[in-house]
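File shown: run.txt. Contents: compact mmCIF, C-alpha atoms and all ligand atoms.
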# COMPACT_ATOMS: atom_id res chain seq x y z
CA MET J 918 63.59 167.26 75.10
CA THR J 919 60.85 169.41 73.53
CA PRO J 920 59.56 171.99 76.00
CA GLY J 921 55.92 171.62 76.90
CA THR J 922 55.60 167.87 76.26
CA PRO J 923 53.84 165.91 79.00
CA ALA J 924 57.13 164.17 79.88
CA THR J 925 58.90 167.50 80.45
CA TYR J 926 56.03 168.77 82.52
CA GLY J 927 56.15 165.66 84.69
CA MET J 928 59.90 166.01 85.18
CA ARG J 929 59.67 169.69 86.12
CA PHE J 930 56.94 168.88 88.57
CA ARG J 931 58.91 166.12 90.25
CA GLY J 932 62.14 168.11 90.35
CA ALA J 933 60.21 170.95 91.91
CA ALA J 934 58.98 168.53 94.59
CA VAL J 935 62.44 168.56 96.19
CA GLY J 936 62.79 172.31 95.61
CA ARG J 937 66.18 171.95 93.88
CA ALA J 938 66.96 171.81 90.18
CA THR J 939 70.27 170.06 90.83
CA LEU J 940 71.04 167.42 93.47
CA ARG J 941 74.59 166.86 94.71
CA MET J 942 75.53 163.18 94.97
CA GLY J 943 78.29 162.00 97.30
CA THR J 944 80.41 159.00 96.32
CA ARG J 945 83.87 157.56 96.83
CA ARG J 946 86.28 158.33 94.01
CA SER J 947 87.40 154.82 93.00
CA ALA J 948 86.65 153.79 89.41
CA LEU J 949 84.08 151.31 90.72
CA ALA J 950 82.37 153.82 93.01
CA LEU J 951 82.21 156.39 90.21
CA ALA J 952 80.83 153.83 87.74
CA GLN J 953 78.05 152.66 90.06
CA SER J 954 77.09 156.11 91.31
CA SER J 955 76.96 157.63 87.84
CA ALA J 956 74.77 154.76 86.62
CA PHE J 957 72.41 155.56 89.51
CA ALA J 958 72.57 159.30 88.76
CA ARG J 959 71.60 158.74 85.12
CA ALA J 960 68.69 156.51 86.16
CA LEU J 961 67.49 159.12 88.65
CA GLU J 962 67.72 161.87 86.04
CA ARG J 963 65.74 159.77 83.55
CA ALA J 964 63.08 158.84 86.09
CA THR J 965 62.56 162.23 87.71
CA GLY J 966 64.01 164.99 85.51
CA VAL J 967 66.31 166.32 88.24
CA ARG J 968 69.97 167.01 87.43
CA VAL J 969 72.64 165.24 89.44
CA GLU J 970 76.11 166.62 90.12
CA THR J 971 78.84 164.29 91.46
CA VAL J 972 80.92 165.16 94.54
CA GLY J 973 83.84 162.76 95.13
CA VAL J 974 84.78 162.05 98.76
CA THR J 975 87.98 160.34 99.94
CA THR J 976 87.44 157.84 102.77
CA GLU J 977 89.82 156.17 105.22
CA GLY J 978 89.32 152.92 103.32
CA ASP J 979 90.88 154.59 100.27
CA THR J 980 93.92 156.15 101.93
CA ASN J 981 94.83 153.38 104.40
CA SER J 982 95.93 150.08 102.87
CA ALA J 983 95.92 148.10 106.15
CA PRO J 984 93.67 145.01 106.23
CA LEU J 985 90.03 146.00 106.79
CA THR J 986 89.85 143.77 109.84
CA ALA J 987 92.58 145.93 111.43
CA MET J 988 90.79 149.19 110.58
CA GLY J 989 87.37 148.51 112.06
CA GLY J 990 85.77 146.74 109.11
CA THR J 991 84.05 147.92 105.95
CA GLY J 992 82.57 150.97 107.76
CA VAL J 993 85.78 152.82 106.89
CA PHE J 994 84.41 153.30 103.36
CA VAL J 995 81.27 155.13 104.48
CA GLN J 996 82.08 157.49 107.37
CA ALA J 997 83.50 160.38 105.32
CA VAL J 998 80.66 160.15 102.79
CA ARG J 999 78.08 160.27 105.59
CA ALA J 1000 79.91 163.24 107.11
CA ALA J 1001 79.48 165.12 103.81
CA LEU J 1002 75.76 164.28 103.94
CA ARG J 1003 75.41 165.56 107.51
CA ALA J 1004 77.37 168.73 106.73
CA GLY J 1005 75.03 169.47 103.81
CA ALA J 1006 77.89 169.25 101.30
CA VAL J 1007 75.88 166.61 99.41
CA ASP J 1008 72.13 165.87 99.21
CA PHE J 1009 72.37 162.10 98.91
CA ALA J 1010 75.07 159.43 98.81
CA VAL J 1011 75.59 156.16 96.95
CA HIS J 1012 77.40 153.35 98.79
CA SER J 1013 78.15 149.71 98.05
CA TYR J 1014 75.57 148.25 100.42
CA LYS J 1015 77.94 145.57 101.67
CA ASP J 1016 80.22 148.30 103.03
CA LEU J 1017 77.51 149.62 105.41
CA PRO J 1018 77.81 148.40 109.02
CA THR J 1019 74.62 146.66 110.20
CA ALA J 1020 74.02 149.22 112.95
CA GLY J 1021 72.98 152.36 111.09
CA PRO J 1022 72.71 155.91 112.50
CA SER J 1023 69.18 157.35 112.85
CA ASP J 1024 69.82 160.69 111.12
CA VAL J 1025 70.32 159.09 107.69
CA VAL J 1026 68.06 156.62 105.87
CA VAL J 1027 68.48 154.22 102.98
CA ALA J 1028 65.93 155.88 100.70
CA ALA J 1029 66.52 153.54 97.76
CA VAL J 1030 67.96 150.09 97.12
CA PRO J 1031 68.14 149.97 93.31
CA VAL J 1032 67.94 146.73 91.35
CA ARG J 1033 70.91 144.56 92.17
CA GLU J 1034 73.93 143.86 89.97
CA ASP J 1035 75.32 140.29 89.76
CA PRO J 1036 75.71 139.24 93.44
CA ARG J 1037 78.16 136.37 92.87
CA ASP J 1038 81.86 136.09 93.61
CA ALA J 1039 84.08 135.70 90.55
CA LEU J 1040 87.38 133.88 90.04
CA VAL J 1041 90.00 135.39 87.75
CA THR J 1042 92.96 133.20 86.76
CA ALA J 1043 95.89 133.78 84.43
CA ASP J 1044 94.97 131.00 82.02
CA GLY J 1045 91.19 130.80 82.52
CA ARG J 1046 91.32 127.74 84.78
CA THR J 1047 88.40 127.18 87.14
CA LEU J 1048 88.88 126.65 90.89
CA ASP J 1049 88.74 122.85 90.64
CA ARG J 1050 91.52 122.88 88.04
CA LEU J 1051 94.02 125.00 89.96
CA PRO J 1052 97.01 122.87 91.01
CA ALA J 1053 97.68 122.17 94.69
CA GLY J 1054 99.78 124.99 96.13
CA ALA J 1055 98.36 127.61 93.75
CA ARG J 1056 98.32 131.10 95.28
CA ILE J 1057 94.90 132.72 95.44
CA GLY J 1058 94.47 136.33 96.59
CA THR J 1059 91.69 137.77 98.73
CA GLY J 1060 91.52 140.12 101.70
CA SER J 1061 88.16 138.81 102.76
CA PRO J 1062 88.00 136.31 105.68
CA ARG J 1063 84.64 135.16 104.26
CA ARG J 1064 86.19 134.28 100.90
CA ALA J 1065 89.31 132.84 102.51
CA GLY J 1066 87.33 130.50 104.78
CA GLN J 1067 85.05 129.24 102.05
CA LEU J 1068 87.87 128.83 99.51
CA ALA J 1069 89.91 126.85 102.04
CA ALA J 1070 86.90 124.61 102.65
CA LEU J 1071 86.38 124.06 98.91
CA ARG J 1072 90.07 123.54 98.05
CA PRO J 1073 92.15 122.78 101.18
CA GLY J 1074 95.41 122.55 99.17
CA LEU J 1075 95.43 126.15 97.93
CA VAL J 1076 97.42 128.97 99.52
CA VAL J 1077 95.25 131.99 100.37
CA VAL J 1078 97.28 135.22 100.14
CA PRO J 1079 96.03 138.48 101.78
CA LEU J 1080 95.18 141.08 99.13
CA ARG J 1081 93.53 144.49 99.18
CA GLY J 1082 93.19 147.35 96.74
CA ASN J 1083 90.94 148.44 93.92
CA VAL J 1084 89.76 146.11 91.16
CA ASP J 1085 92.60 147.10 88.82
CA THR J 1086 95.29 146.45 91.45
CA ARG J 1087 93.87 143.05 92.31
CA LEU J 1088 93.53 141.93 88.68
CA GLY J 1089 97.09 143.19 88.09
CA ARG J 1090 98.47 140.64 90.57
CA VAL J 1091 97.28 137.81 88.30
CA ARG J 1092 98.49 139.49 85.12
CA ASP J 1093 101.99 140.07 86.54
CA GLY J 1094 102.16 136.46 87.76
CA ARG J 1095 102.52 137.22 91.47
CA LEU J 1096 99.26 135.31 92.08
CA ASP J 1097 97.63 132.39 90.25
CA ALA J 1098 94.11 133.62 90.96
CA VAL J 1099 92.04 136.28 92.69
CA VAL J 1100 88.44 136.22 93.89
CA LEU J 1101 86.41 139.40 93.71
CA ALA J 1102 82.82 140.57 93.38
CA ALA J 1103 81.30 139.95 89.94
CA ALA J 1104 79.40 143.23 90.44
CA GLY J 1105 82.65 145.17 90.51
CA LEU J 1106 83.84 143.55 87.28
CA ALA J 1107 80.44 144.03 85.63
CA ARG J 1108 80.25 147.71 86.53
CA LEU J 1109 83.69 148.28 85.04
CA GLY J 1110 82.82 146.31 81.89
CA ARG J 1111 85.32 143.55 82.78
CA LEU J 1112 83.06 140.62 83.67
CA GLY J 1113 84.48 138.83 80.62
CA GLU J 1114 87.77 138.40 82.53
CA ALA J 1115 86.14 135.99 85.00
CA ALA J 1116 87.11 132.34 84.58
CA GLU J 1117 84.27 131.25 86.87
CA LEU J 1118 81.25 132.72 88.63
CA PHE J 1119 80.52 130.80 91.82
CA ALA J 1120 76.98 129.62 92.47
CA PRO J 1121 75.77 131.51 95.58
CA ASP J 1122 75.25 128.27 97.52
CA ARG J 1123 78.82 127.07 96.76
CA LEU J 1124 80.71 130.26 97.64
CA VAL J 1125 78.12 132.28 99.55
CA PRO J 1126 78.41 136.03 98.78
CA ALA J 1127 78.72 138.77 101.41
CA PRO J 1128 75.40 140.09 102.70
CA ALA J 1129 74.16 142.76 100.23
CA GLN J 1130 76.96 142.09 97.72
CA GLY J 1131 76.14 143.67 94.36
CA ALA J 1132 73.52 146.00 95.85
CA LEU J 1133 73.72 149.76 96.40
CA ALA J 1134 72.42 151.78 99.34
CA VAL J 1135 71.29 155.30 98.45
CA GLU J 1136 71.24 157.39 101.61
CA CYS J 1137 69.94 160.85 102.43
CA ARG J 1138 69.19 162.80 105.60
CA ALA J 1139 66.18 161.33 107.38
CA ASP J 1140 64.53 164.76 107.76
CA ASP J 1141 64.59 165.42 103.99
CA ALA J 1142 61.16 163.88 103.37
CA ALA J 1143 60.72 165.12 99.79
CA LEU J 1144 64.10 163.68 98.80
CA VAL J 1145 63.38 160.37 100.57
CA ARG J 1146 60.28 160.13 98.38
CA LEU J 1147 62.04 161.15 95.16
CA LEU J 1148 64.92 158.66 95.63
CA GLY J 1149 62.36 156.03 96.58
CA SER J 1150 61.13 156.00 92.99
CA LEU J 1151 64.23 153.87 92.18
CA ASP J 1152 63.75 151.44 95.07
CA HIS J 1153 63.53 147.79 93.97
CA VAL J 1154 61.30 145.85 96.35
CA VAL J 1155 62.78 142.40 95.71
CA THR J 1156 66.37 143.60 96.13
CA ARG J 1157 65.46 145.44 99.32
CA ALA J 1158 63.82 142.36 100.85
CA ALA J 1159 66.80 140.18 99.87
CA VAL J 1160 69.27 142.62 101.39
CA ASP J 1161 67.15 142.96 104.56
CA ALA J 1162 67.18 139.17 105.00
CA GLU J 1163 70.93 138.87 104.35
CA ARG J 1164 71.89 141.74 106.64
CA ALA J 1165 69.62 140.36 109.38
CA VAL J 1166 71.69 137.16 109.30
CA LEU J 1167 74.87 139.21 109.74
CA ALA J 1168 73.42 141.46 112.47
CA GLU J 1169 72.25 138.48 114.50
CA LEU J 1170 75.58 136.66 114.18
CA GLU J 1171 77.68 139.70 115.07
CA ALA J 1172 76.40 139.23 118.59
CA GLY J 1173 78.56 136.33 119.74
CA CYS J 1174 80.22 134.93 116.64
CA SER J 1175 83.40 136.34 115.15
CA ALA J 1176 83.68 133.77 112.34
CA PRO J 1177 83.20 134.98 108.75
CA VAL J 1178 79.64 134.93 107.43
CA GLY J 1179 78.12 134.71 103.95
CA ALA J 1180 74.42 135.25 103.25
CA HIS J 1181 72.49 135.39 100.02
CA ALA J 1182 68.78 135.53 99.14
CA ARG J 1183 67.62 134.67 95.64
CA PRO J 1184 64.10 135.32 94.34
CA VAL J 1185 62.14 132.08 93.90
CA GLY J 1186 58.41 132.01 93.11
CA ARG J 1187 56.74 134.55 95.38
CA GLY J 1188 59.47 134.64 97.98
CA LEU J 1189 63.20 134.32 98.51
CA ASP J 1190 65.52 131.38 98.99
CA LEU J 1191 68.00 132.48 101.69
CA CYS J 1192 71.24 130.61 102.24
CA ALA J 1193 73.89 131.42 104.80
CA VAL J 1194 77.25 130.02 105.85
CA ILE J 1195 79.70 130.32 108.74
CA THR J 1196 83.26 129.05 108.33
CA GLU J 1197 86.45 129.20 110.27
CA THR J 1198 88.96 131.36 108.37
CA ASP J 1199 91.13 128.27 107.83
CA GLY J 1200 88.14 126.49 106.29
CA ARG J 1201 88.24 123.57 108.70
CA ARG J 1202 84.63 124.03 109.69
CA ARG J 1203 81.79 125.11 107.38
CA THR J 1204 78.17 125.29 108.51
CA PHE J 1205 75.56 125.94 105.86
CA ARG J 1206 71.78 126.35 106.02
CA ARG J 1207 68.96 127.59 103.84
CA ALA J 1208 65.41 128.83 104.47
CA GLU J 1209 62.38 130.18 102.62
CA VAL J 1210 61.72 133.87 103.17
CA PRO J 1211 58.62 136.01 102.48
CA LEU J 1212 59.02 139.15 100.36
CA ASP J 1213 57.84 141.69 102.96
CA PRO J 1214 60.56 143.65 104.84
CA ALA J 1215 59.59 142.62 108.39
CA GLY J 1216 59.20 138.96 107.40
CA ALA J 1217 62.51 138.99 105.53
CA ALA J 1218 64.44 140.36 108.51
CA ALA J 1219 62.75 137.95 110.93
CA ALA J 1220 63.57 134.97 108.70
CA GLY J 1221 67.19 136.12 108.47
CA ARG J 1222 67.53 136.33 112.25
CA GLU J 1223 65.95 132.91 112.72
CA LEU J 1224 68.30 131.32 110.19
CA ALA J 1225 71.27 132.96 111.94
CA ARG J 1226 70.27 131.55 115.34
CA ALA J 1227 69.97 128.06 113.86
CA LEU J 1228 73.39 128.43 112.20
CA ARG J 1229 75.05 129.62 115.40
CA LYS J 1230 73.64 126.71 117.37
CA GLU J 1231 74.91 124.23 114.81
CA HIS J 1232 78.37 125.71 114.16
N1 LIG H 1 84.74 145.92 100.31
C1 LIG H 1 85.07 146.37 99.02
C2 LIG H 1 83.94 146.25 98.06
N2 LIG H 1 82.75 146.79 98.32
C3 LIG H 1 81.91 146.48 97.27
C4 LIG H 1 82.63 145.74 96.36
C5 LIG H 1 82.16 145.14 95.11
C6 LIG H 1 80.85 145.54 94.55
C7 LIG H 1 79.64 145.15 95.35
O1 LIG H 1 79.59 144.16 96.07
O2 LIG H 1 78.66 145.89 95.21
C8 LIG H 1 83.92 145.60 96.83
C9 LIG H 1 85.04 144.90 96.17
C10 LIG H 1 84.97 143.38 96.17
O3 LIG H 1 84.37 142.77 97.04
O4 LIG H 1 85.60 142.75 95.29
Represent the structure contained in this file as structure tokens.
Amino acid sequence: MTPGTPATYGMRFRGAAVGRATLRMGTRRSALALAQSSAFARALERATGVRVETVGVTTEGDTNSAPLTAMGGTGVFVQAVRAALRAGAVDFAVHSYKDLPTAGPSDVVVAAVPVREDPRDALVTADGRTLDRLPAGARIGTGSPRRAGQLAALRPGLVVVPLRGNVDTRLGRVRDGRLDAVVLAAAGLARLGRLGEAAELFAPDRLVPAPAQGALAVECRADDAALVRLLGSLDHVVTRAAVDAERAVLAELEAGCSAPVGAHARPVGRGLDLCAVITETDGRRRTFRRAEVPLDPAGAAAAGRELARALRKEH
């Protein structure tokens, strides 16, 4: 960059606004977490002229291979990263948004929800077969009760096998023949440049994704106003509204419904088309509904809660 150009001036000015030439970014150390956080870091550097340094944090979700349901849910991926934020070891943190519990602490804020990656679930099979073409008795791996319930409803004859681990581990189970198929987030494959390995990408109203799947949450300390503003330059309004609606469905259903939940909002016209599902983990019951949602944050959350109440009544 040539010194003295208007672009350089603008970058210096904005970097100076947070009073730090270099920002430290907290992230988990998995290949997926590093890929998504470094993509965000590059975008932030381009947009604002700050420099970003990566600080890898190991979380309980990385060191403990027990099922997430036995460990207190997806929150196990975020606690250690938030602790680094509170301790001042990092300035901001990048999380997979679907790993954030719905009840957030008040001392950290989601300062940016960047534009979303592919939100769909993907099927990977050894020979490229789609779900409908898997033979009865085929073994399909997932550790997610949401995926298990919906897969069992779609294909009652399949055998769902519990599976956890990083993307590489899960894909390896198909390659080594221990499983016939695995279902995982398309966003994870895309961020690792492996989306081409998917045999099928499920339409979001057929296999409804997890709330906020494919989205990132960029958090910083709530009292760091200049940084909240700087990170906010990468906020994507449509993604934020969609995620607000989807997480409102989940938050409302967590009170009094332990069944797995999917929720997904897709931009349509000037609003969002929100669909949500509750299943039993064995797939014997599946309740599905959809609703139109306005693009503003308060309206999106209210519409999500209303859809959740209707679902709960019906299920
Ligand atoms: N709970 C693990 C997790 N958290 C986020 C992703 C994928 C990427 C995303 O949804 O942003 C995954 C893996 C998966 O579901 O296959």
With all atoms listed in the file as the counted atoms, please give the residues lying no more than 8 Å from stretch 1104-1113 of chain J, apart from itself and same-chain residues fewer than 4 positions off, as a VMD selection string. chain J and resid 948 to 949 952 to 953 1034 to 1037 1084 1130 to 1131
Check the smallest atom-to-atom distance from each of J:Ala1006, J:Leu1051, J:Val1032, J:Val1145 to ligand LIG 1 (chain H) using all atoms listed in the file, then report the winner.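 Selected residue with least distance to ligand LIG 1 (chain H): J:Val1032.
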Kindly extract all protein, DNA and RNA residues lying within 12 Å of the coordinates (81.7, 157.6, 95.9) given in the file, considering all atoms listed in the file, and supply them as a ChimeraX atom specification. /J:941-958,971-976,978-979,994-999,1001,1007,1009-1013,1016,1133-1136
Atom pair atom CA of J:Ile1195 / atom CA of J:Ala1176: separation (Å):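 About the pair atom CA of J:Ile1195 and atom CA of J:Ala1176: they are 6.4 Å apart.
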Surrounding residues of J:Phe1205 excluding itself and chain neighbours under 5 positions, 9 Å, all atoms listed in the file, as a VMD selection string: chain J and resid 1122 1192 to 1196 1228 1232
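Atom CA of J:Arg1207 is found 27.6 Å from atom CA of J:Val1041.
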Given the choices J:Ala1070, J:Ala1120, J:Val1099, J:Val1166, which gets closest to J:Gly1045 if the distance is worked out from all atoms listed in the file?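 Looking at the shortest contact to J:Gly1045, the residue is J:Val1099.
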Provide an axis-aligned box for all listed atoms of ligand LIG 1 (chain H), padding each side by 8 Å; report its centre and its edge lengths in Å to one decimal, as AutoDock Vina command-line options.
--center_x 82.1 --center_y 144.8 --center_z 97.4 --size_x 22.9 --size_y 20.0 --size_z 21.8
Atom-to-atom span, atom CA of J:Arg1202 and atom CA of J:Gly1060, Å: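 Atom-to-atom, atom CA of J:Arg1202 to atom CA of J:Gly1060, that is 19.2 Å.
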Given all atoms listed in the file as the basis, pick out the residue of J:Arg1123, J:Arg1046, J:Arg1064, J:Lys1015 nearest to ligand LIG 1 (chain H). J:Lys1015
Taking (83.5, 137.5, 104.5) in the coordinates of the supplied file, I want to know which residues reach to within 10 Å of it, counting only C-alpha atoms; could you give the answer as a PyMOL selection string? chain J and resi 1060-1067+1125-1128+1176-1180+1194-1196+1198
Write the residues of the preceding selection, restricted to C-alpha atoms, as a tab-separated table (two decimals), in the frame of the given file.
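What landed in selection31.tsv:
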chain	number	residue	atom	x	y	z
J	1060	GLY	CA	91.52	140.12	101.70
J	1061	SER	CA	88.16	138.81	102.76
J	1062	PRO	CA	88.00	136.31	105.68
J	1063	ARG	CA	84.64	135.16	104.26
J	1064	ARG	CA	86.19	134.28	100.90
J	1065	ALA	CA	89.31	132.84	102.51
J	1066	GLY	CA	87.33	130.50	104.78
J	1067	GLN	CA	85.05	129.24	102.05
J	1125	VAL	CA	78.12	132.28	99.55
J	1126	PRO	CA	78.41	136.03	98.78
J	1127	ALA	CA	78.72	138.77	101.41
J	1128	PRO	CA	75.40	140.09	102.70
J	1176	ALA	CA	83.68	133.77	112.34
J	1177	PRO	CA	83.20	134.98	108.75
J	1178	VAL	CA	79.64	134.93	107.43
J	1179	GLY	CA	78.12	134.71	103.95
J	1180	ALA	CA	74.42	135.25	103.25
J	1194	VAL	CA	77.25	130.02	105.85
J	1195	ILE	CA	79.70	130.32	108.74
J	1196	THR	CA	83.26	129.05	108.33
J	1198	THR	CA	88.96	131.36	108.37
J:Asp1008, J:Asp1161, J:Glu1117, J:Glu1169: which is nearest J:Thr1047, counting only C-alpha atoms?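 The answer is J:Glu1117, which sits nearest to J:Thr1047.
Proximity of J:Ala964, J:Ala983, J:Ala1115, J:Leu1224 to J:Ala1039, computed with only C-alpha atoms, is greatest for J:Ala1115.
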